[in-house]
Amino acid sequence: MKEKKSSKKAVFFIGIGGISMSGLAVILKNEGYNVSGSDISKNDITKKLGRCGIKVYYSHKGSLVKNCNLVVFSGAIGEDNPQIIFAKKHNIKVIERSKLLALISKKYKNVIAVSGTHGKTTSTAMLGYIFILAGLNPTVHVGGECEIFDGNVYLGGKDYFITEACEFRDSFLKLRPDVSIITNVEREHLDYFKSYDREIMSFNKFVLLTKDKAFINFAYKDLFRDDDKIKFFNDSKIEARNATLCEDGKYSFDYYYKKKFCCNVKLNVFGKYNIENALGVIAVCKEYKIKDSIIKLGLETFKNAKRRFEEIGVKDTNIILHDYAHHPTEIKNAISTALTVFNKKLICVFQPHTYSRTKILIDEFIKCFDGVDELYLVKSYFAREKYDYLGSVEFLKDKIASSKPNFYIRGVFDKKEINQVLNERNYKDSVILYLGAGDIETEARKMIKTLKK
């Protein structure tokens, strides 16, 4: 990235179909780089990249990178990848995705990074959208596809760069943001961090790396060392009062700043937890002197990213939903929201994401499905991990069944057979909620076409 500026510089992305990788590819393409990449299969993202003029190869043949100046790989790619091996053998520079994100961010005057265990994607998209409405023309990099951006990136100017900052493998420690948000800090990615204390240490390092102000959810204040740059939200300075569940299942609240009433906000997304996300976004908007009228407009018209409590469709009186939830807290939030919004029988289909997460958080997973009428378990999305029985969905099923003998739980099913199993039950007037960060979303979309009439 430090080479002389030239539209001829060629950058190759291994795993270009990933949500973050594809966004970075689009940003570099817009800056004049010759961008291409590889992935294992076609998806909506790779098709869209092709329409943007980015060549995607569905092969990991090493020689595909031979004419490139830089090769970027994602965390899902191992060092044994043929394209990484070829690049290193031929002295082509190779860097990991998070380092490229950091290098790109240095080109902007103001960098705002959104981190936290949950709510990163929603908060990043929400913040970027309000900055756009305020006429600040930000460039926005989101970890999910958003209808409001027609994708996962919004190409704006060089004054503001708003990006999601993931804590996994300490990726967010590559960034040097001017302002940051930390939505929450819960036990997660302990396969990497090994302990909650080490995870907390990384979030504290992220605060130290923030140049100006770090806006942190007040509920987690005890996890952070004293630092003048820390500012809290969801406290007496920036707070939501009179939270009210509206008829459409979404929440409204009165927003107060420094104990002064500013306005009433009616969220356009489901889930009470989004009030906290909104407060973090409001805190940053106030820092950049965005008017309350614009903040209100943004929050009330914002459409959530795909796979975030997304209604896939309705057929035969059944409502089909998908949520990216893969952590016990996220699962509980999705289930609670579904029960609050819809007065229907709740059927849940869950695909665990990685053996390590299931193993480490097994006690939380056993308890997080309360309220569900029926639970179906699908084989784990293992993401290159080796099989571990103690983190397997088979083990999870046995643990849930033994702790709740009267609970309706079925599985373990192959992803491709789950819809047939559900169809045989011939549900009526129900909510079918698909949960998981893997590829279970595809079956939720197929279910719209296969439900019995």
# chains A, B, ... in the order shown; residues from 1 in each chain; ligands from 1

call {"tool": "residues_around", "arguments": {"residues": "Thr122 in chain A", "least_positions_apart": "2", "cutoff": "10 Å", "atoms": "only C-alpha atoms", "output": "list in words"}}
result
Val114, His118, Gly119, Lys120, Thr124, Ala125, Met126, Leu127, Gly128, Val142, Gly143, Gly144, Cys146, Glu164, Val269, Asn274, Asn277, Ala278, Val281, Phe302, Lys303, Asn304, Ala305, Lys306 and Arg308 of chain A

call {"tool": "write_last_selection", "arguments": {"atoms": "N, CA and C atoms", "output": "short mmCIF file (atom, residue, chain, number, x, y, z; two decimals), in the first residue's frame"}}
result
data_model
loop_
_atom_site.label_atom_id
_atom_site.label_comp_id
_atom_site.auth_asym_id
_atom_site.auth_seq_id
_atom_site.Cartn_x
_atom_site.Cartn_y
_atom_site.Cartn_z
N VAL A 114 -16.33 1.12 15.11
CA VAL A 114 -17.39 0.58 15.97
C VAL A 114 -17.06 -0.85 16.35
N HIS A 118 -21.60 -7.50 20.46
CA HIS A 118 -22.83 -7.52 19.68
C HIS A 118 -23.16 -6.09 19.22
N GLY A 119 -23.86 -6.00 18.10
CA GLY A 119 -24.38 -4.71 17.65
C GLY A 119 -23.47 -3.89 16.77
N LYS A 120 -22.29 -4.44 16.40
CA LYS A 120 -21.35 -3.69 15.58
C LYS A 120 -21.93 -3.31 14.22
N THR A 124 -22.77 0.46 13.12
CA THR A 124 -21.95 1.05 12.05
C THR A 124 -22.84 1.56 10.93
N ALA A 125 -23.79 0.74 10.50
CA ALA A 125 -24.69 1.14 9.42
C ALA A 125 -25.57 2.32 9.83
N MET A 126 -26.07 2.27 11.04
CA MET A 126 -26.92 3.34 11.55
C MET A 126 -26.16 4.67 11.60
N LEU A 127 -24.93 4.62 12.10
CA LEU A 127 -24.11 5.82 12.19
C LEU A 127 -23.77 6.36 10.81
N GLY A 128 -23.37 5.47 9.91
CA GLY A 128 -23.04 5.91 8.55
C GLY A 128 -24.22 6.56 7.87
N VAL A 142 -19.09 -1.74 6.28
CA VAL A 142 -19.96 -2.44 7.21
C VAL A 142 -19.77 -3.95 7.08
N GLY A 143 -19.95 -4.67 8.20
CA GLY A 143 -19.84 -6.11 8.19
C GLY A 143 -21.14 -6.82 7.88
N GLY A 144 -21.90 -6.26 6.97
CA GLY A 144 -23.17 -6.84 6.56
C GLY A 144 -23.72 -6.06 5.38
N CYS A 146 -26.40 -3.94 3.46
CA CYS A 146 -27.45 -3.01 3.87
C CYS A 146 -28.18 -2.46 2.66
N GLU A 164 -16.65 -0.91 10.79
CA GLU A 164 -16.81 -1.92 11.82
C GLU A 164 -15.42 -2.42 12.21
N VAL A 269 -36.39 -0.42 13.57
CA VAL A 269 -35.87 -1.79 13.62
C VAL A 269 -36.42 -2.47 14.87
N ASN A 274 -31.78 -2.58 20.49
CA ASN A 274 -31.36 -1.55 19.54
C ASN A 274 -31.47 -0.14 20.12
N ASN A 277 -27.92 0.42 21.06
CA ASN A 277 -27.15 0.72 19.85
C ASN A 277 -27.38 2.15 19.39
N ALA A 278 -28.63 2.58 19.45
CA ALA A 278 -28.98 3.94 19.04
C ALA A 278 -28.30 4.98 19.93
N VAL A 281 -24.73 5.49 18.95
CA VAL A 281 -24.69 6.26 17.70
C VAL A 281 -24.97 7.73 17.99
N PHE A 302 -34.01 4.40 9.37
CA PHE A 302 -32.95 3.43 9.16
C PHE A 302 -33.51 2.03 8.97
N LYS A 303 -33.02 1.34 7.96
CA LYS A 303 -33.38 -0.06 7.72
C LYS A 303 -32.18 -0.94 8.06
N ASN A 304 -32.43 -1.96 8.85
CA ASN A 304 -31.33 -2.77 9.35
C ASN A 304 -30.63 -3.55 8.25
N ALA A 305 -29.42 -4.00 8.57
CA ALA A 305 -28.66 -4.83 7.65
C ALA A 305 -29.35 -6.18 7.46
N LYS A 306 -29.06 -6.81 6.35
CA LYS A 306 -29.60 -8.15 6.12
C LYS A 306 -29.08 -9.10 7.19
N ARG A 308 -30.10 -9.45 10.11
CA ARG A 308 -30.30 -8.95 11.46
C ARG A 308 -31.80 -8.87 11.71
#

call {"tool": "residues_around", "arguments": {"residues": "Ile16 in chain A", "least_positions_apart": "6", "cutoff": "12 Å", "atoms": "only C-alpha atoms", "output": "MDAnalysis selection string"}}
result
chainID A and resid 22:26 35:50 54:60 71:77 97

call {"tool": "write_last_selection", "arguments": {"atoms": "C-alpha atoms", "output": "JSON list (two decimals), in the first residue's frame"}}
result
[["chain", "number", "residue", "atom", "x", "y", "z"],
["A", 22, "SER", "CA", -15.56, -7.52, -0.62],
["A", 23, "GLY", "CA", -16.09, -4.08, 0.89],
["A", 24, "LEU", "CA", -12.36, -3.37, 0.96],
["A", 25, "ALA", "CA", -12.08, -4.60, -2.62],
["A", 26, "VAL", "CA", -14.73, -2.13, -3.75],
["A", 35, "VAL", "CA", -8.63, -5.47, -8.16],
["A", 36, "SER", "CA", -9.34, -9.18, -8.53],
["A", 37, "GLY", "CA", -9.77, -12.12, -6.20],
["A", 38, "SER", "CA", -10.72, -15.71, -5.59],
["A", 39, "ASP", "CA", -13.36, -17.62, -3.68],
["A", 40, "ILE", "CA", -14.59, -21.19, -3.47],
["A", 41, "SER", "CA", -18.06, -20.58, -4.91],
["A", 42, "LYS", "CA", -20.38, -17.99, -6.38],
["A", 43, "ASN", "CA", -22.70, -16.00, -4.16],
["A", 44, "ASP", "CA", -24.62, -12.74, -4.38],
["A", 45, "ILE", "CA", -21.56, -10.80, -3.25],
["A", 46, "THR", "CA", -19.19, -12.24, -5.85],
["A", 47, "LYS", "CA", -21.80, -11.66, -8.56],
["A", 48, "LYS", "CA", -22.09, -8.03, -7.49],
["A", 49, "LEU", "CA", -18.29, -7.67, -7.54],
["A", 50, "GLY", "CA", -18.30, -8.92, -11.11],
["A", 54, "ILE", "CA", -13.82, -6.90, -10.30],
["A", 55, "LYS", "CA", -12.72, -10.26, -11.69],
["A", 56, "VAL", "CA", -13.47, -13.19, -9.39],
["A", 57, "TYR", "CA", -11.84, -16.59, -9.91],
["A", 58, "TYR", "CA", -13.49, -19.65, -8.41],
["A", 59, "SER", "CA", -10.17, -21.36, -7.93],
["A", 60, "HIS", "CA", -7.21, -21.12, -5.54],
["A", 71, "VAL", "CA", -2.17, -10.22, -2.00],
["A", 72, "VAL", "CA", -4.72, -9.83, 0.80],
["A", 73, "PHE", "CA", -6.09, -12.79, 2.74],
["A", 74, "SER", "CA", -8.89, -13.08, 5.28],
["A", 75, "GLY", "CA", -8.82, -14.81, 8.65],
["A", 76, "ALA", "CA", -10.63, -17.77, 7.10],
["A", 77, "ILE", "CA", -7.64, -18.51, 4.85],
["A", 97, "ARG", "CA", -7.35, -8.19, 5.90]]

call {"tool": "residues_around", "arguments": {"residues": "Asn419 in chain A", "least_positions_apart": "3", "cutoff": "8 Å", "atoms": "only C-alpha atoms", "output": "ChimeraX atom specification"}}
result
/A:416,422-423,443,447,450

call {"tool": "closest_residue", "arguments": {"among": "A:Asn318, A:Asn137, A:Asn69, A:Ser63", "to": "Pro82 in chain A", "atoms": "only C-alpha atoms"}}
result
A:Ser63

call {"tool": "residues_around", "arguments": {"residues": "Lys237 in chain A", "least_positions_apart": "5", "cutoff": "10 Å", "atoms": "only C-alpha atoms", "output": "ChimeraX atom specification"}}
result
/A:231-232,256-260,283

call {"tool": "write_last_selection", "arguments": {"atoms": "all heavy atoms", "output": "short mmCIF file (atom, residue, chain, number, x, y, z; two decimals), in the first residue's frame"}}
result
data_model
loop_
_atom_site.label_atom_id
_atom_site.label_comp_id
_atom_site.auth_asym_id
_atom_site.auth_seq_id
_atom_site.Cartn_x
_atom_site.Cartn_y
_atom_site.Cartn_z
N LYS A 231 -15.78 8.21 27.27
CA LYS A 231 -17.07 8.86 27.49
C LYS A 231 -18.13 7.76 27.45
O LYS A 231 -18.06 6.86 26.61
CB LYS A 231 -17.36 9.91 26.40
CG LYS A 231 -16.25 10.95 26.23
CD LYS A 231 -16.07 11.79 27.48
CE LYS A 231 -14.91 12.77 27.31
NZ LYS A 231 -14.65 13.54 28.55
N PHE A 232 -19.09 7.84 28.33
CA PHE A 232 -20.10 6.80 28.39
C PHE A 232 -21.40 7.22 27.73
O PHE A 232 -21.71 8.41 27.64
CB PHE A 232 -20.38 6.40 29.84
CG PHE A 232 -19.21 5.75 30.52
CD1 PHE A 232 -18.46 6.42 31.47
CD2 PHE A 232 -18.83 4.46 30.17
CE1 PHE A 232 -17.38 5.82 32.08
CE2 PHE A 232 -17.75 3.84 30.78
CZ PHE A 232 -17.02 4.52 31.73
N TYR A 256 -32.70 11.82 26.03
CA TYR A 256 -32.25 12.92 26.89
C TYR A 256 -30.73 13.09 26.76
O TYR A 256 -29.99 12.11 26.74
CB TYR A 256 -32.58 12.63 28.36
CG TYR A 256 -34.02 12.92 28.74
CD1 TYR A 256 -35.05 12.08 28.33
CD2 TYR A 256 -34.35 14.05 29.50
CE1 TYR A 256 -36.37 12.34 28.68
CE2 TYR A 256 -35.67 14.32 29.86
CZ TYR A 256 -36.66 13.45 29.44
OH TYR A 256 -37.97 13.72 29.79
N TYR A 257 -30.32 14.34 26.67
CA TYR A 257 -28.90 14.66 26.62
C TYR A 257 -28.59 15.66 27.73
O TYR A 257 -29.19 16.73 27.80
CB TYR A 257 -28.53 15.26 25.27
CG TYR A 257 -27.06 15.59 25.10
CD1 TYR A 257 -26.10 14.58 25.07
CD2 TYR A 257 -26.63 16.91 24.99
CE1 TYR A 257 -24.76 14.88 24.93
CE2 TYR A 257 -25.28 17.21 24.83
CZ TYR A 257 -24.35 16.20 24.80
OH TYR A 257 -23.00 16.48 24.67
N LYS A 258 -27.69 15.29 28.62
CA LYS A 258 -27.36 16.09 29.81
C LYS A 258 -28.62 16.41 30.61
O LYS A 258 -28.83 17.56 31.03
CB LYS A 258 -26.62 17.36 29.40
CG LYS A 258 -25.25 17.12 28.78
CD LYS A 258 -24.54 18.42 28.46
CE LYS A 258 -23.16 18.14 27.88
NZ LYS A 258 -22.44 19.41 27.52
N LYS A 259 -29.47 15.38 30.75
CA LYS A 259 -30.71 15.43 31.51
C LYS A 259 -31.76 16.36 30.92
O LYS A 259 -32.78 16.65 31.55
CB LYS A 259 -30.42 15.83 32.96
CG LYS A 259 -29.52 14.84 33.69
CD LYS A 259 -29.36 15.18 35.16
CE LYS A 259 -28.49 14.13 35.86
NZ LYS A 259 -28.31 14.41 37.29
N LYS A 260 -31.53 16.79 29.68
CA LYS A 260 -32.49 17.65 29.00
C LYS A 260 -33.19 16.86 27.89
O LYS A 260 -32.52 16.19 27.10
CB LYS A 260 -31.77 18.87 28.40
CG LYS A 260 -32.69 19.80 27.64
CD LYS A 260 -31.91 20.95 27.02
CE LYS A 260 -32.80 21.84 26.19
NZ LYS A 260 -32.05 22.95 25.54
N ALA A 283 -24.36 9.36 20.68
CA ALA A 283 -23.20 9.94 21.35
C ALA A 283 -22.17 10.45 20.35
O ALA A 283 -21.63 11.55 20.48
CB ALA A 283 -22.56 8.91 22.28
#

call {"tool": "residues_around", "arguments": {"residues": "range 288-299 of chain A", "least_positions_apart": "5", "cutoff": "10 Å", "atoms": "only C-alpha atoms", "output": "list in words"}}
result
Met126, Leu127, Gly128, Tyr129, Ile130, Phe131, Ile132, Leu133, Ala134, Gly135, Leu136, Tyr255, Cys262, Cys263, Asn264, Val265, Lys266, Leu267, Asn268, Val269, Ile275, Ala278, Val281, Ile282 and Ala283 of chain A

call {"tool": "closest_residue", "arguments": {"among": "A:Lys205, A:Arg425, A:Lys213, A:Arg384", "to": "Arg225 in chain A", "atoms": "only C-alpha atoms"}}
result
A:Lys205

call {"tool": "select_by_dssp", "arguments": {"residues": "range 109-349 of chain A", "states": "alpha helix (DSSP H)", "output": "PyMOL selection string"}}
result
chain A and resi 120-133+190-193+196-209+274-287+292-301+328-341

call {"tool": "closest_residue", "arguments": {"among": "A:Val111, A:Ile230, A:Glu374, A:Val393", "to": "Asn406 in chain A", "atoms": "only C-alpha atoms"}}
result
A:Glu374

call {"tool": "residues_around", "arguments": {"residues": "Phe382 in chain A", "least_positions_apart": "5", "cutoff": "8 Å", "atoms": "only C-alpha atoms", "output": "number ranges by chain"}}
result
A: 353-355, 387

call {"tool": "write_last_selection", "arguments": {"atoms": "N, CA, C and O atoms", "output": "PDB file, in the first residue's frame"}}
result
ATOM      1  N   HIS A 353     -22.183 -22.126  15.247  1.00  0.00           N
ATOM      2  CA  HIS A 353     -21.072 -21.580  14.468  1.00  0.00           C
ATOM      3  C   HIS A 353     -19.768 -21.841  15.217  1.00  0.00           C
ATOM      4  O   HIS A 353     -19.474 -21.176  16.210  1.00  0.00           O
ATOM      5  N   THR A 354     -19.015 -22.784  14.767  1.00  0.00           N
ATOM      6  CA  THR A 354     -17.738 -23.280  15.274  1.00  0.00           C
ATOM      7  C   THR A 354     -17.914 -24.169  16.511  1.00  0.00           C
ATOM      8  O   THR A 354     -18.755 -23.916  17.370  1.00  0.00           O
ATOM      9  N   TYR A 355     -17.098 -25.203  16.557  1.00  0.00           N
ATOM     10  CA  TYR A 355     -17.101 -26.123  17.695  1.00  0.00           C
ATOM     11  C   TYR A 355     -16.590 -25.425  18.954  1.00  0.00           C
ATOM     12  O   TYR A 355     -17.080 -25.673  20.063  1.00  0.00           O
ATOM     13  N   TYR A 387     -13.255 -31.382  14.131  1.00  0.00           N
ATOM     14  CA  TYR A 387     -14.377 -31.870  14.919  1.00  0.00           C
ATOM     15  C   TYR A 387     -13.979 -32.068  16.378  1.00  0.00           C
ATOM     16  O   TYR A 387     -12.917 -32.600  16.694  1.00  0.00           O
TER      17      TYR A 387
END

call {"tool": "closest_residue", "arguments": {"among": "A:Lys221, A:Lys359, A:Arg176, A:Lys158", "to": "Leu103 in chain A", "atoms": "only C-alpha atoms"}}
result
A:Arg176

call {"tool": "residues_around", "arguments": {"residues": "Asp227 in chain A", "least_positions_apart": "6", "cutoff": "12 Å", "atoms": "only C-alpha atoms", "output": "ChimeraX atom specification"}}
result
/A:204-216,221

call {"tool": "select_by_dssp", "arguments": {"residues": "range 20-191 of chain A", "states": "strand (DSSP E or B)", "output": "PyMOL selection string"}}
result
chain A and resi 34-38+55-57+70-73+93-96+110-115+139-146+151-154+160-164+179-182

call {"tool": "decode", "arguments": {"residues": "range 14-45 of chain A", "atoms": "N, CA and C atoms", "output": "tab-separated table (two decimals), in the first residue's frame"}}
result
chain	number	residue	atom	x	y	z
A	14	ILE	N	-7.80	-13.00	-1.52
A	14	ILE	CA	-8.13	-14.42	-1.35
A	14	ILE	C	-9.30	-14.52	-0.38
A	15	GLY	N	-10.43	-15.04	-0.86
A	15	GLY	CA	-11.64	-15.02	-0.05
A	15	GLY	C	-12.41	-13.73	-0.25
A	16	ILE	N	-12.42	-13.26	-1.49
A	16	ILE	CA	-13.00	-11.95	-1.80
A	16	ILE	C	-14.51	-11.90	-1.58
A	17	GLY	N	-15.16	-13.07	-1.48
A	17	GLY	CA	-16.60	-13.10	-1.26
A	17	GLY	C	-17.00	-12.86	0.18
A	18	GLY	N	-16.01	-12.75	1.08
A	18	GLY	CA	-16.30	-12.44	2.48
A	18	GLY	C	-16.85	-11.03	2.62
A	19	ILE	N	-17.63	-10.80	3.66
A	19	ILE	CA	-18.36	-9.54	3.76
A	19	ILE	C	-17.42	-8.35	3.92
A	20	SER	N	-16.37	-8.48	4.72
A	20	SER	CA	-15.44	-7.37	4.88
A	20	SER	C	-14.49	-7.26	3.70
A	21	MET	N	-14.02	-8.40	3.22
A	21	MET	CA	-13.08	-8.41	2.10
A	21	MET	C	-13.67	-7.76	0.86
A	22	SER	N	-14.92	-8.08	0.58
A	22	SER	CA	-15.56	-7.52	-0.62
A	22	SER	C	-15.70	-6.01	-0.51
A	23	GLY	N	-15.99	-5.52	0.71
A	23	GLY	CA	-16.09	-4.08	0.89
A	23	GLY	C	-14.77	-3.38	0.66
A	24	LEU	N	-13.69	-3.95	1.17
A	24	LEU	CA	-12.36	-3.37	0.96
A	24	LEU	C	-11.97	-3.42	-0.52
A	25	ALA	N	-12.37	-4.49	-1.19
A	25	ALA	CA	-12.08	-4.60	-2.62
A	25	ALA	C	-12.76	-3.49	-3.41
A	26	VAL	N	-13.99	-3.20	-3.06
A	26	VAL	CA	-14.73	-2.13	-3.75
A	26	VAL	C	-14.09	-0.77	-3.49
A	27	ILE	N	-13.65	-0.55	-2.26
A	27	ILE	CA	-12.99	0.73	-1.93
A	27	ILE	C	-11.73	0.91	-2.77
A	28	LEU	N	-10.89	-0.13	-2.86
A	28	LEU	CA	-9.65	-0.03	-3.64
A	28	LEU	C	-9.94	0.11	-5.13
A	29	LYS	N	-10.96	-0.59	-5.61
A	29	LYS	CA	-11.35	-0.44	-7.01
A	29	LYS	C	-11.72	1.01	-7.30
A	30	ASN	N	-12.45	1.61	-6.38
A	30	ASN	CA	-12.86	3.01	-6.54
A	30	ASN	C	-11.68	3.97	-6.51
A	31	GLU	N	-10.58	3.55	-5.86
A	31	GLU	CA	-9.39	4.40	-5.78
A	31	GLU	C	-8.46	4.20	-6.97
A	32	GLY	N	-8.85	3.33	-7.90
A	32	GLY	CA	-8.07	3.18	-9.12
A	32	GLY	C	-7.18	1.96	-9.19
A	33	TYR	N	-7.23	1.11	-8.17
A	33	TYR	CA	-6.43	-0.11	-8.20
A	33	TYR	C	-7.07	-1.15	-9.13
A	34	ASN	N	-6.24	-2.00	-9.67
A	34	ASN	CA	-6.71	-3.14	-10.47
A	34	ASN	C	-6.99	-4.27	-9.49
A	35	VAL	N	-8.25	-4.54	-9.22
A	35	VAL	CA	-8.63	-5.47	-8.16
A	35	VAL	C	-9.21	-6.76	-8.74
A	36	SER	N	-8.77	-7.87	-8.19
A	36	SER	CA	-9.34	-9.18	-8.53
A	36	SER	C	-9.27	-10.05	-7.28
A	37	GLY	N	-9.79	-11.27	-7.38
A	37	GLY	CA	-9.77	-12.12	-6.20
A	37	GLY	C	-10.28	-13.51	-6.48
A	38	SER	N	-10.26	-14.33	-5.45
A	38	SER	CA	-10.72	-15.71	-5.59
A	38	SER	C	-11.66	-16.07	-4.45
A	39	ASP	N	-12.50	-17.06	-4.71
A	39	ASP	CA	-13.36	-17.62	-3.68
A	39	ASP	C	-13.74	-19.03	-4.10
A	40	ILE	N	-14.31	-19.78	-3.15
A	40	ILE	CA	-14.59	-21.19	-3.47
A	40	ILE	C	-15.87	-21.37	-4.27
A	41	SER	N	-16.80	-20.42	-4.18
A	41	SER	CA	-18.06	-20.58	-4.91
A	41	SER	C	-18.73	-19.23	-5.15
A	42	LYS	N	-19.65	-19.20	-6.08
A	42	LYS	CA	-20.38	-17.99	-6.38
A	42	LYS	C	-21.41	-17.70	-5.29
A	43	ASN	N	-21.61	-16.43	-5.02
A	43	ASN	CA	-22.70	-16.00	-4.16
A	43	ASN	C	-23.14	-14.63	-4.61
A	44	ASP	N	-24.11	-14.05	-3.95
A	44	ASP	CA	-24.62	-12.74	-4.38
A	44	ASP	C	-23.53	-11.68	-4.34
A	45	ILE	N	-22.63	-11.79	-3.37
A	45	ILE	CA	-21.56	-10.80	-3.25
A	45	ILE	C	-20.58	-10.90	-4.41
